[in-house]
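To start, the structure itself, in structure tokens.
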Amino acid sequence: MGQNIIDVRNLSKSFDVSSKEPGLKGTIKHFLRRQTKSLKVIKDVSFEIKQGEIVGFLGANGAGKTTILKMLCGLIYPSEGSILVSGYLPFRRKENFLKNITLIMGQKQQLIWDLPPIESFYLNASIYDLDKFEAKKRIKKLSGMLEIDEELFIPVRKLSLGQRMKSELIAALIHEPNILFLDEPTLGLDINAQRNLRKFLQKYNKETNATICLTSHYMKDITSLCKRVICVHEGAISYDGKLDLLLKKLSPVKEILIVCRSEEDAIKLENSGFNVKNKIKNEITIKIENNSITSSLKTILNNFDIEDLFINEPPIDEVIGKVLIKKDYDI
Amino acid sequence: MNLRKYLKVYKKFLHTSLASELEYKTNILVDLITAILSLVGSIFLLSIFFQNNGYIGGWKFEQALIIQAIYTILNGITNTWFNPNLTEIVKHIREGTLDFVLLKPIDSQFFISLKKINPSGFLEIMLGFLLLFFCIRINQISLNLIFLTLSLFTICCSICILYSLWFFISTTTIWFVKTWNAIEVLRSFLYIGRFPLNSFSFSLRIFFSVFIPIAFITTIPSEVFLGLSELWKILLEAIVAIVFLFTSRKFWLFALKFYTSASS
């Protein structure tokens with residue numbers, strides 16, 4: 001892993017927001033005398049990201065993930081603190097900085113709606129000052145990686161969501177950026193399209209050593225792409241570290257379903273001191289701490305007549321869900 | 001600024017927006033018919049005003065037609081460039097797609113002001129020029145290089161003033177989010193530009209010269225065509241155009257600091 005490419009120190013952002021009471025009275029009041037208050041949506045956030053890292057930003061809706069991402073790419077001015085991305089102050093939006101980054105948003109598109117995607121690619125190529133030959137080469141390479149070909153010549157409005165997203169990726173990556181900001185890139189895509197997109201991002205990261213900052217509500221995106229996650233809760237960072245460590249922390253025990261040869265064996269096992277969750281005839285479910293799984297299983301297999309056993313991982317969505325409501329679960 | 005790159009990008013803008021518009025043939029046809037009918041209607045209206053009295057504000061019907069011709073050219077430019085692009089700014093800001101513009105290594109004002117064109121506006125520009133040449137003939141205006149340069153110069157200044165006003169209003173969307181009505185008011189004021197400035201009362205003349213300089217937009221270029229303009233008026237128009245352009249540019253750069261993007 002390379003040197004730091006993103007350096008964020010004590011970053012905060014406040015927005016002025018207005019609130020309105022319900023009903024006609026509230027509407028008139030809101031129209032005549034709008035009451036606004038300053039809301040601190042990002043609170044004293046600091047982190048570093050190294051070249052080539054893929055980092056997932058996790059958080060509930062409105063936690064501040066997208067705001068952080070938009071400040072990193074220079075769309076929103078920070079209220080306090082400092083950001084350095086690739087050695088640049090993002091909000092100055094210097095040409096060399098912009099040539100180095102890209103932003104892909106699952107719910108917004110930059111392709112020209114009435115024209116085939118290929119037209120948008122060549123328009124972007126001219127904006128990034130690429131000659132036609134180079135643009136053609138890059139489009140061919142990216143479309144090959146994304147397995148999209150004929151669809152590039154069909155008007156965008158006639159493409160499926162998955163095909164549109166692939167085209168969006170080509171439009172966003174034609175200038176071969178070094179840092180990718182992805183805001184829910186798999187939103188609305190079917191399972192296969194999501195998998196293809198993830199495969200592409202892994203390949204792109206491997207081939208170009210690009211840094212990827214990703215927000216997503218699909219845990220599969222996070223688990224298959226990111227080794228490191230930054231959890232954002234009400235504008236502050238509640239966890240920054242390895243994903244597997246977080247999972248171990250959040251889910252310290254595994255459930256093991258053991259099928260015994262006879263009900264007598266199951267009763268023996270039930271009374272042998274393990275943490276039993278339930279028992280149905282010869283099937284018994286026990287909870288074992290992650291760090292003692294190997295030794296516990298060894299004991300069970302040596303001392304009891306076992307027909308089969310299954311280790312159940314707790315559902316990732318359920319585990320990560322705990323992070324999003326920090327008040328209920330302290331990391 | 002890399003001029004070669006900007007020319008290349010503008011060529012692409014032309015190509016993509018023409019291709020987009022040509023996807024809808026009927027719409028273009030309707031726009032073309034509307035442009036012709038609108039011009040015929042405007043001339044008819046103007047002729048009604050001149051029916052009882054041969055003069056309005058010291059202008060003959062044949063002279064007032066020049067204002068109509070310049071108005072038609074400017075309206076054509078409005079419909080070709082300003083309308084498709086500057087009204088989109090509101091949409092860009094409301095929906096947050098301005099993000100894509102701001103993250104491109106190109107001047108954002110250039111991008112949002114020139115990305116689209118409406119080809120049917122070209123017909124209006126052509127009709128305007130045809131009417132202008134017709135007026136030159138009926139008013140027996142003799143053409144020479146200085147006269148043509150000055151005329152073109154004042155029309156360019158008018159375009160700059162109109163663009164700056166429109167761009168300024170659109171920029172306020174960053175704070176107010178919806179500014180459709182303000183743009184509609186500006187377009188309504190533009191209709192006033194079809195009549196000579198002298199045909200209005202003194203207070204209105206001041207209003208349309210100082211506060212909303214619509215009068216500059218059509219009257220001064222028309223006076224140049226008729227050889228009635230004075231140098232100070234041309235210089236004043238040039239100064240107004242430069243000040244407006246500069247202010248709208250600075251205002252845009254200032255407003256971007258307050259851009260909060262749309263929530264996702």
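By convention in this document, the chains of the structure tokens carry letters A, B, ... by their order, each chain's residues are numbered from 1, and ligands are numbered from 1 in the order they are shown.
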Residues of chain B within 12 Å of chain A, counting only C-alpha atoms, what are they? List them as a ChimeraX atom specification. /B:1-24,92,95-108,110-111,115-116,175,253,255-264
Export C-alpha atoms of the chosen residues as a PDB file, in the first residue's frame?
ATOM      1  CA  MET B   1      -7.304  28.965 -20.984  1.00  0.00           C
ATOM      2  CA  ASN B   2      -6.584  26.432 -23.700  1.00  0.00           C
ATOM      3  CA  LEU B   3      -8.489  27.902 -26.651  1.00  0.00           C
ATOM      4  CA  ARG B   4      -7.938  24.876 -28.906  1.00  0.00           C
ATOM      5  CA  LYS B   5      -9.479  22.588 -26.275  1.00  0.00           C
ATOM      6  CA  TYR B   6     -12.477  24.900 -25.799  1.00  0.00           C
ATOM      7  CA  LEU B   7     -13.086  25.041 -29.560  1.00  0.00           C
ATOM      8  CA  LYS B   8     -12.891  21.250 -29.736  1.00  0.00           C
ATOM      9  CA  VAL B   9     -15.347  20.905 -26.838  1.00  0.00           C
ATOM     10  CA  TYR B  10     -17.709  23.453 -28.386  1.00  0.00           C
ATOM     11  CA  LYS B  11     -17.656  21.494 -31.649  1.00  0.00           C
ATOM     12  CA  LYS B  12     -18.700  18.426 -29.634  1.00  0.00           C
ATOM     13  CA  PHE B  13     -21.439  20.448 -27.876  1.00  0.00           C
ATOM     14  CA  LEU B  14     -22.801  21.473 -31.277  1.00  0.00           C
ATOM     15  CA  HIS B  15     -22.679  17.945 -32.577  1.00  0.00           C
ATOM     16  CA  THR B  16     -24.326  16.291 -29.558  1.00  0.00           C
ATOM     17  CA  SER B  17     -27.063  18.851 -29.083  1.00  0.00           C
ATOM     18  CA  LEU B  18     -27.940  18.919 -32.787  1.00  0.00           C
ATOM     19  CA  ALA B  19     -28.066  15.134 -32.773  1.00  0.00           C
ATOM     20  CA  SER B  20     -30.284  15.199 -29.648  1.00  0.00           C
ATOM     21  CA  GLU B  21     -32.684  17.746 -31.140  1.00  0.00           C
ATOM     22  CA  LEU B  22     -32.889  15.938 -34.479  1.00  0.00           C
ATOM     23  CA  GLU B  23     -34.181  12.873 -32.621  1.00  0.00           C
ATOM     24  CA  TYR B  24     -37.511  14.739 -32.436  1.00  0.00           C
ATOM     25  CA  HIS B  92     -29.001  21.330 -12.560  1.00  0.00           C
ATOM     26  CA  GLU B  95     -31.491  17.966  -9.028  1.00  0.00           C
ATOM     27  CA  GLY B  96     -27.817  18.191  -8.098  1.00  0.00           C
ATOM     28  CA  THR B  97     -26.515  17.338 -11.578  1.00  0.00           C
ATOM     29  CA  LEU B  98     -24.388  20.485 -11.412  1.00  0.00           C
ATOM     30  CA  ASP B  99     -22.004  18.159  -9.562  1.00  0.00           C
ATOM     31  CA  PHE B 100     -20.984  16.583 -12.869  1.00  0.00           C
ATOM     32  CA  VAL B 101     -20.353  19.995 -14.425  1.00  0.00           C
ATOM     33  CA  LEU B 102     -18.260  21.246 -11.519  1.00  0.00           C
ATOM     34  CA  LEU B 103     -16.090  18.140 -11.532  1.00  0.00           C
ATOM     35  CA  LYS B 104     -15.078  18.512 -15.177  1.00  0.00           C
ATOM     36  CA  PRO B 105     -11.730  20.170 -15.947  1.00  0.00           C
ATOM     37  CA  ILE B 106     -13.440  22.906 -17.920  1.00  0.00           C
ATOM     38  CA  ASP B 107     -14.879  26.297 -17.047  1.00  0.00           C
ATOM     39  CA  SER B 108     -18.295  25.634 -15.494  1.00  0.00           C
ATOM     40  CA  PHE B 110     -18.696  27.896 -20.398  1.00  0.00           C
ATOM     41  CA  PHE B 111     -20.143  24.405 -19.953  1.00  0.00           C
ATOM     42  CA  LYS B 115     -23.700  22.909 -23.901  1.00  0.00           C
ATOM     43  CA  LYS B 116     -27.005  22.878 -25.765  1.00  0.00           C
ATOM     44  CA  TRP B 175     -29.874  30.295  -2.880  1.00  0.00           C
ATOM     45  CA  LEU B 253     -17.908  32.223  -8.885  1.00  0.00           C
ATOM     46  CA  ALA B 255     -22.374  31.762  -5.658  1.00  0.00           C
ATOM     47  CA  LEU B 256     -20.586  28.451  -6.211  1.00  0.00           C
ATOM     48  CA  LYS B 257     -19.126  28.749  -2.724  1.00  0.00           C
ATOM     49  CA  PHE B 258     -22.673  28.382  -1.416  1.00  0.00           C
ATOM     50  CA  TYR B 259     -23.580  25.430  -3.616  1.00  0.00           C
ATOM     51  CA  THR B 260     -24.609  22.571  -1.337  1.00  0.00           C
ATOM     52  CA  SER B 261     -25.509  20.013  -4.028  1.00  0.00           C
ATOM     53  CA  ALA B 262     -28.770  18.084  -3.840  1.00  0.00           C
ATOM     54  CA  SER B 263     -29.173  15.340  -1.313  1.00  0.00           C
ATOM     55  CA  SER B 264     -28.919  11.795  -2.619  1.00  0.00           C
TER      56      SER B 264
END
Find the residues near B:Ile89: any atom within 9 Å, counting only C-alpha atoms, skip ones fewer than 4 places away on the same chain, and give them as an MDAnalysis selection string. chainID B and resid 85 93:94 98 112:113 167 170:171 173
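Taking only stretch 9-165 of chain B, the residues that DSSP calls strand (DSSP E) from the backbone come to B:Tyr55, B:Ile56, B:Trp59, B:Lys60.
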Which of stretch 70-138 of chain B end up as alpha helix (DSSP H) when DSSP is run on this backbone - answer as a VMD selection string? chain B and resid 70 to 77 83 to 95 98 to 102 108 to 114 120 to 138
Selection: 10 Å around stretch 306-308 of chain A, only C-alpha atoms, excl. self and same-chain fewer than 4 positions, as a PyMOL selection string: chain A and resi 257-262+265-266+282-283+300-302
Selected residues written out with N, CA and C atoms, as a PDB file, in the first residue's frame:
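File again21.pdb, as written:
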ATOM      1  N   LEU A 257     -24.924 -25.512  14.502  1.00  0.00           N
ATOM      2  CA  LEU A 257     -26.005 -26.492  14.557  1.00  0.00           C
ATOM      3  C   LEU A 257     -25.364 -27.885  14.482  1.00  0.00           C
ATOM      4  N   ILE A 258     -25.593 -28.684  15.506  1.00  0.00           N
ATOM      5  CA  ILE A 258     -24.977 -30.021  15.561  1.00  0.00           C
ATOM      6  C   ILE A 258     -26.083 -31.080  15.464  1.00  0.00           C
ATOM      7  N   VAL A 259     -25.927 -32.004  14.501  1.00  0.00           N
ATOM      8  CA  VAL A 259     -26.894 -33.093  14.365  1.00  0.00           C
ATOM      9  C   VAL A 259     -26.241 -34.339  14.979  1.00  0.00           C
ATOM     10  N   CYS A 260     -26.788 -34.784  16.125  1.00  0.00           N
ATOM     11  CA  CYS A 260     -26.213 -35.963  16.810  1.00  0.00           C
ATOM     12  C   CYS A 260     -26.808 -37.245  16.233  1.00  0.00           C
ATOM     13  N   ARG A 261     -26.118 -38.385  16.419  1.00  0.00           N
ATOM     14  CA  ARG A 261     -26.623 -39.674  15.901  1.00  0.00           C
ATOM     15  C   ARG A 261     -27.932 -40.065  16.605  1.00  0.00           C
ATOM     16  N   SER A 262     -28.000 -39.739  17.931  1.00  0.00           N
ATOM     17  CA  SER A 262     -29.220 -40.099  18.678  1.00  0.00           C
ATOM     18  C   SER A 262     -29.597 -38.949  19.616  1.00  0.00           C
ATOM     19  N   ASP A 265     -27.364 -38.633  22.696  1.00  0.00           N
ATOM     20  CA  ASP A 265     -26.135 -37.854  22.488  1.00  0.00           C
ATOM     21  C   ASP A 265     -26.426 -36.358  22.618  1.00  0.00           C
ATOM     22  N   ALA A 266     -27.571 -35.962  22.068  1.00  0.00           N
ATOM     23  CA  ALA A 266     -27.942 -34.535  22.118  1.00  0.00           C
ATOM     24  C   ALA A 266     -28.154 -34.086  23.561  1.00  0.00           C
ATOM     25  N   ASN A 282     -32.725 -34.623  18.023  1.00  0.00           N
ATOM     26  CA  ASN A 282     -31.264 -34.870  18.027  1.00  0.00           C
ATOM     27  C   ASN A 282     -30.462 -33.684  17.470  1.00  0.00           C
ATOM     28  N   GLU A 283     -31.148 -32.568  17.219  1.00  0.00           N
ATOM     29  CA  GLU A 283     -30.450 -31.369  16.704  1.00  0.00           C
ATOM     30  C   GLU A 283     -30.311 -30.342  17.820  1.00  0.00           C
ATOM     31  N   ILE A 300     -16.022 -31.523  20.917  1.00  0.00           N
ATOM     32  CA  ILE A 300     -17.333 -32.083  20.562  1.00  0.00           C
ATOM     33  C   ILE A 300     -17.160 -33.327  19.679  1.00  0.00           C
ATOM     34  N   LEU A 301     -16.306 -33.222  18.659  1.00  0.00           N
ATOM     35  CA  LEU A 301     -16.119 -34.320  17.709  1.00  0.00           C
ATOM     36  C   LEU A 301     -15.461 -35.533  18.397  1.00  0.00           C
ATOM     37  N   ASN A 302     -14.620 -35.269  19.375  1.00  0.00           N
ATOM     38  CA  ASN A 302     -13.944 -36.375  20.071  1.00  0.00           C
ATOM     39  C   ASN A 302     -14.836 -37.078  21.092  1.00  0.00           C
TER      40      ASN A 302
END
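Close contacts of B:Val224, defined as residues with an atom at most 8 Å away when counting only C-alpha atoms, with chain neighbours fewer than 6 positions off set aside, comprise Phe147, Leu150 and Ser151 of chain B.
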Go ahead and dump the residues you just picked, N, CA and C atoms, as a compact mmCIF listing (two decimals), in the first residue's frame.
# COMPACT_ATOMS: atom_id res chain seq x y z
N PHE B 147 -20.02 51.54 -40.60
CA PHE B 147 -21.42 51.36 -40.23
C PHE B 147 -21.70 49.89 -39.86
N LEU B 150 -19.84 48.94 -36.56
CA LEU B 150 -20.53 49.51 -35.39
C LEU B 150 -21.83 48.77 -35.10
N SER B 151 -22.56 48.44 -36.16
CA SER B 151 -23.83 47.72 -35.99
C SER B 151 -23.59 46.37 -35.34
Work out how far apart atom CA of A:Val232 and atom CA of A:Ser14 are and give it in Å to one decimal.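 Result for atom CA of A:Val232 versus atom CA of A:Ser14: 15.8 Å, one decimal.
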Close residues, stretch 39-41 of chain B itself excluded, 10 Å, only C-alpha atoms, min 4 positions apart in chain, as a PyMOL selection string: chain B and resi 34-35+45-47+68-69+71-72+124+127-128+131
Export of the given selection (N, CA and C atoms) as an mmCIF file, in the first residue's frame:
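Once written, selection.cif looks like this:
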data_model
loop_
_atom_site.group_PDB
_atom_site.id
_atom_site.type_symbol
_atom_site.label_atom_id
_atom_site.label_comp_id
_atom_site.auth_asym_id
_atom_site.auth_seq_id
_atom_site.Cartn_x
_atom_site.Cartn_y
_atom_site.Cartn_z
ATOM 1 N N THR B 34 -43.700 28.077 -35.389
ATOM 2 C CA THR B 34 -43.937 29.072 -34.327
ATOM 3 C C THR B 34 -43.103 30.332 -34.570
ATOM 4 N N ALA B 35 -41.839 30.124 -34.974
ATOM 5 C CA ALA B 35 -40.944 31.271 -35.209
ATOM 6 C C ALA B 35 -41.502 32.165 -36.317
ATOM 7 N N LEU B 45 -48.818 43.528 -35.216
ATOM 8 C CA LEU B 45 -49.080 44.318 -34.005
ATOM 9 C C LEU B 45 -48.453 45.711 -34.125
ATOM 10 N N LEU B 46 -47.211 45.715 -34.607
ATOM 11 C CA LEU B 46 -46.495 46.970 -34.760
ATOM 12 C C LEU B 46 -47.217 47.890 -35.753
ATOM 13 N N SER B 47 -47.724 47.292 -36.846
ATOM 14 C CA SER B 47 -48.409 48.092 -37.873
ATOM 15 C C SER B 47 -49.688 48.711 -37.307
ATOM 16 N N GLN B 68 -37.683 45.829 -34.632
ATOM 17 C CA GLN B 68 -38.297 44.497 -34.674
ATOM 18 C C GLN B 68 -37.306 43.461 -35.220
ATOM 19 N N ALA B 69 -36.552 43.868 -36.253
ATOM 20 C CA ALA B 69 -35.580 42.946 -36.857
ATOM 21 C C ALA B 69 -34.498 42.574 -35.842
ATOM 22 N N TYR B 71 -34.744 42.805 -32.602
ATOM 23 C CA TYR B 71 -35.393 42.006 -31.551
ATOM 24 C C TYR B 71 -35.507 40.546 -32.004
ATOM 25 N N THR B 72 -35.872 40.341 -33.278
ATOM 26 C CA THR B 72 -36.026 38.965 -33.800
ATOM 27 C C THR B 72 -34.689 38.233 -33.783
ATOM 28 N N GLU B 124 -35.113 31.852 -36.734
ATOM 29 C CA GLU B 124 -35.493 33.171 -36.229
ATOM 30 C C GLU B 124 -34.357 34.178 -36.504
ATOM 31 N N LEU B 127 -34.469 34.930 -40.154
ATOM 32 C CA LEU B 127 -35.614 35.797 -40.469
ATOM 33 C C LEU B 127 -35.330 37.230 -40.030
ATOM 34 N N GLY B 128 -34.701 37.352 -38.862
ATOM 35 C CA GLY B 128 -34.331 38.669 -38.341
ATOM 36 C C GLY B 128 -33.397 39.392 -39.303
ATOM 37 N N LEU B 131 -35.240 40.465 -42.436
ATOM 38 C CA LEU B 131 -36.040 41.666 -42.165
ATOM 39 C C LEU B 131 -35.122 42.894 -42.083
#
Any idea what's packed within 8 Å of A:Arg198, counting only C-alpha atoms, ignoring anything in its chain fewer than 6 positions away? Could you give it as an mmCIF file with C-alpha atoms, in the first residue's frame?
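Output saved as part-v1.cif:
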data_model
loop_
_atom_site.group_PDB
_atom_site.id
_atom_site.type_symbol
_atom_site.label_atom_id
_atom_site.label_comp_id
_atom_site.auth_asym_id
_atom_site.auth_seq_id
_atom_site.Cartn_x
_atom_site.Cartn_y
_atom_site.Cartn_z
ATOM 1 C CA ASP A 221 -20.636 -4.224 -1.976
ATOM 2 C CA SER A 224 -16.532 -7.950 -1.273
ATOM 3 C CA LEU A 225 -14.693 -4.701 -2.039
#
Using only C-alpha atoms, what table do you get, as a Markdown table, when you list each residue of stretch 125-146 of chain B with an atom no more than 12 Å from stretch 152-156 of chain B, its nearest pair of atoms, and their distance in Å rounded to one decimal, rows by chain then rising number?
| residue | atom | partner | partner_atom | distance |
| --- | --- | --- | --- | --- |
| B:Phe129 | CA | B:Leu152 | CA | 11.7 |
| B:Leu145 | CA | B:Leu152 | CA | 10.5 |
| B:Ile146 | CA | B:Leu152 | CA | 9.9 |
Quick one: everything within 9 Å of stretch 135-146 of chain A, counting only C-alpha atoms, minus sequence neighbours fewer than 3 positions away in the same chain. Send it as a PyMOL selection string. chain A and resi 118+121-122+125-126+130-132+149+152+166-167+169-171+173-176+196-197+199-200+203-204
Those same residues - N, CA and C atoms - I'd like them written as a compact mmCIF listing (two decimals), in the first residue's frame.
# COMPACT_ATOMS: atom_id res chain seq x y z
N ILE A 118 -21.98 6.30 -26.49
CA ILE A 118 -20.70 6.57 -27.18
C ILE A 118 -20.51 8.08 -27.43
N PHE A 121 -19.29 9.65 -24.32
CA PHE A 121 -17.88 9.28 -24.07
C PHE A 121 -16.95 10.22 -24.84
N TYR A 122 -17.28 10.44 -26.13
CA TYR A 122 -16.41 11.30 -26.94
C TYR A 122 -16.47 12.76 -26.49
N ALA A 125 -14.27 12.83 -23.57
CA ALA A 125 -12.88 12.71 -24.03
C ALA A 125 -12.35 14.08 -24.47
N SER A 126 -13.20 14.87 -25.15
CA SER A 126 -12.73 16.19 -25.59
C SER A 126 -12.57 17.13 -24.39
N LEU A 130 -8.46 14.44 -24.60
CA LEU A 130 -7.92 13.20 -25.16
C LEU A 130 -8.13 13.22 -26.67
N ASP A 131 -7.15 12.72 -27.43
CA ASP A 131 -7.40 12.67 -28.88
C ASP A 131 -8.29 11.47 -29.19
N LYS A 132 -8.82 11.46 -30.41
CA LYS A 132 -9.83 10.46 -30.78
C LYS A 132 -9.27 9.04 -30.68
N ASP A 149 -21.04 -3.78 -25.34
CA ASP A 149 -20.52 -3.49 -26.69
C ASP A 149 -21.57 -2.81 -27.57
N LEU A 152 -23.61 0.37 -26.58
CA LEU A 152 -23.01 1.72 -26.61
C LEU A 152 -23.54 2.56 -27.77
N LYS A 166 -23.25 0.74 -16.44
CA LYS A 166 -21.97 0.38 -17.06
C LYS A 166 -21.48 1.53 -17.94
N SER A 167 -22.41 2.12 -18.69
CA SER A 167 -22.05 3.24 -19.56
C SER A 167 -21.60 4.45 -18.73
N LEU A 169 -20.13 4.32 -15.94
CA LEU A 169 -18.77 4.02 -15.48
C LEU A 169 -17.74 4.36 -16.56
N ILE A 170 -18.04 4.00 -17.80
CA ILE A 170 -17.09 4.30 -18.88
C ILE A 170 -16.93 5.82 -19.01
N ALA A 171 -18.09 6.53 -18.97
CA ALA A 171 -18.04 8.00 -19.09
C ALA A 171 -17.21 8.61 -17.95
N LEU A 173 -14.81 7.09 -16.25
CA LEU A 173 -13.44 6.58 -16.11
C LEU A 173 -12.59 6.78 -17.36
N ILE A 174 -13.15 7.44 -18.36
CA ILE A 174 -12.43 7.57 -19.64
C ILE A 174 -11.10 8.33 -19.47
N HIS A 175 -11.03 9.18 -18.45
CA HIS A 175 -9.79 9.94 -18.24
C HIS A 175 -8.83 9.22 -17.29
N GLU A 176 -9.13 7.96 -16.99
CA GLU A 176 -8.30 7.12 -16.11
C GLU A 176 -7.95 7.83 -14.80
N ASN A 196 -21.36 -7.96 -11.31
CA ASN A 196 -20.47 -7.55 -12.41
C ASN A 196 -19.76 -6.24 -12.09
N LEU A 197 -20.52 -5.33 -11.51
CA LEU A 197 -19.95 -4.02 -11.16
C LEU A 197 -18.85 -4.16 -10.11
N LYS A 199 -17.07 -6.84 -9.56
CA LYS A 199 -15.93 -7.51 -10.22
C LYS A 199 -15.10 -6.50 -10.99
N PHE A 200 -15.81 -5.60 -11.67
CA PHE A 200 -15.12 -4.57 -12.47
C PHE A 200 -14.29 -3.66 -11.57
N LYS A 203 -11.19 -5.32 -10.37
CA LYS A 203 -10.22 -5.43 -11.46
C LYS A 203 -9.57 -4.08 -11.74
N TYR A 204 -10.40 -3.04 -11.73
CA TYR A 204 -9.89 -1.69 -12.02
C TYR A 204 -8.88 -1.27 -10.94
State, in Å with one decimal place, the distance from atom CA of B:Trp81 to atom CA of B:Asn27. 16.9 Å
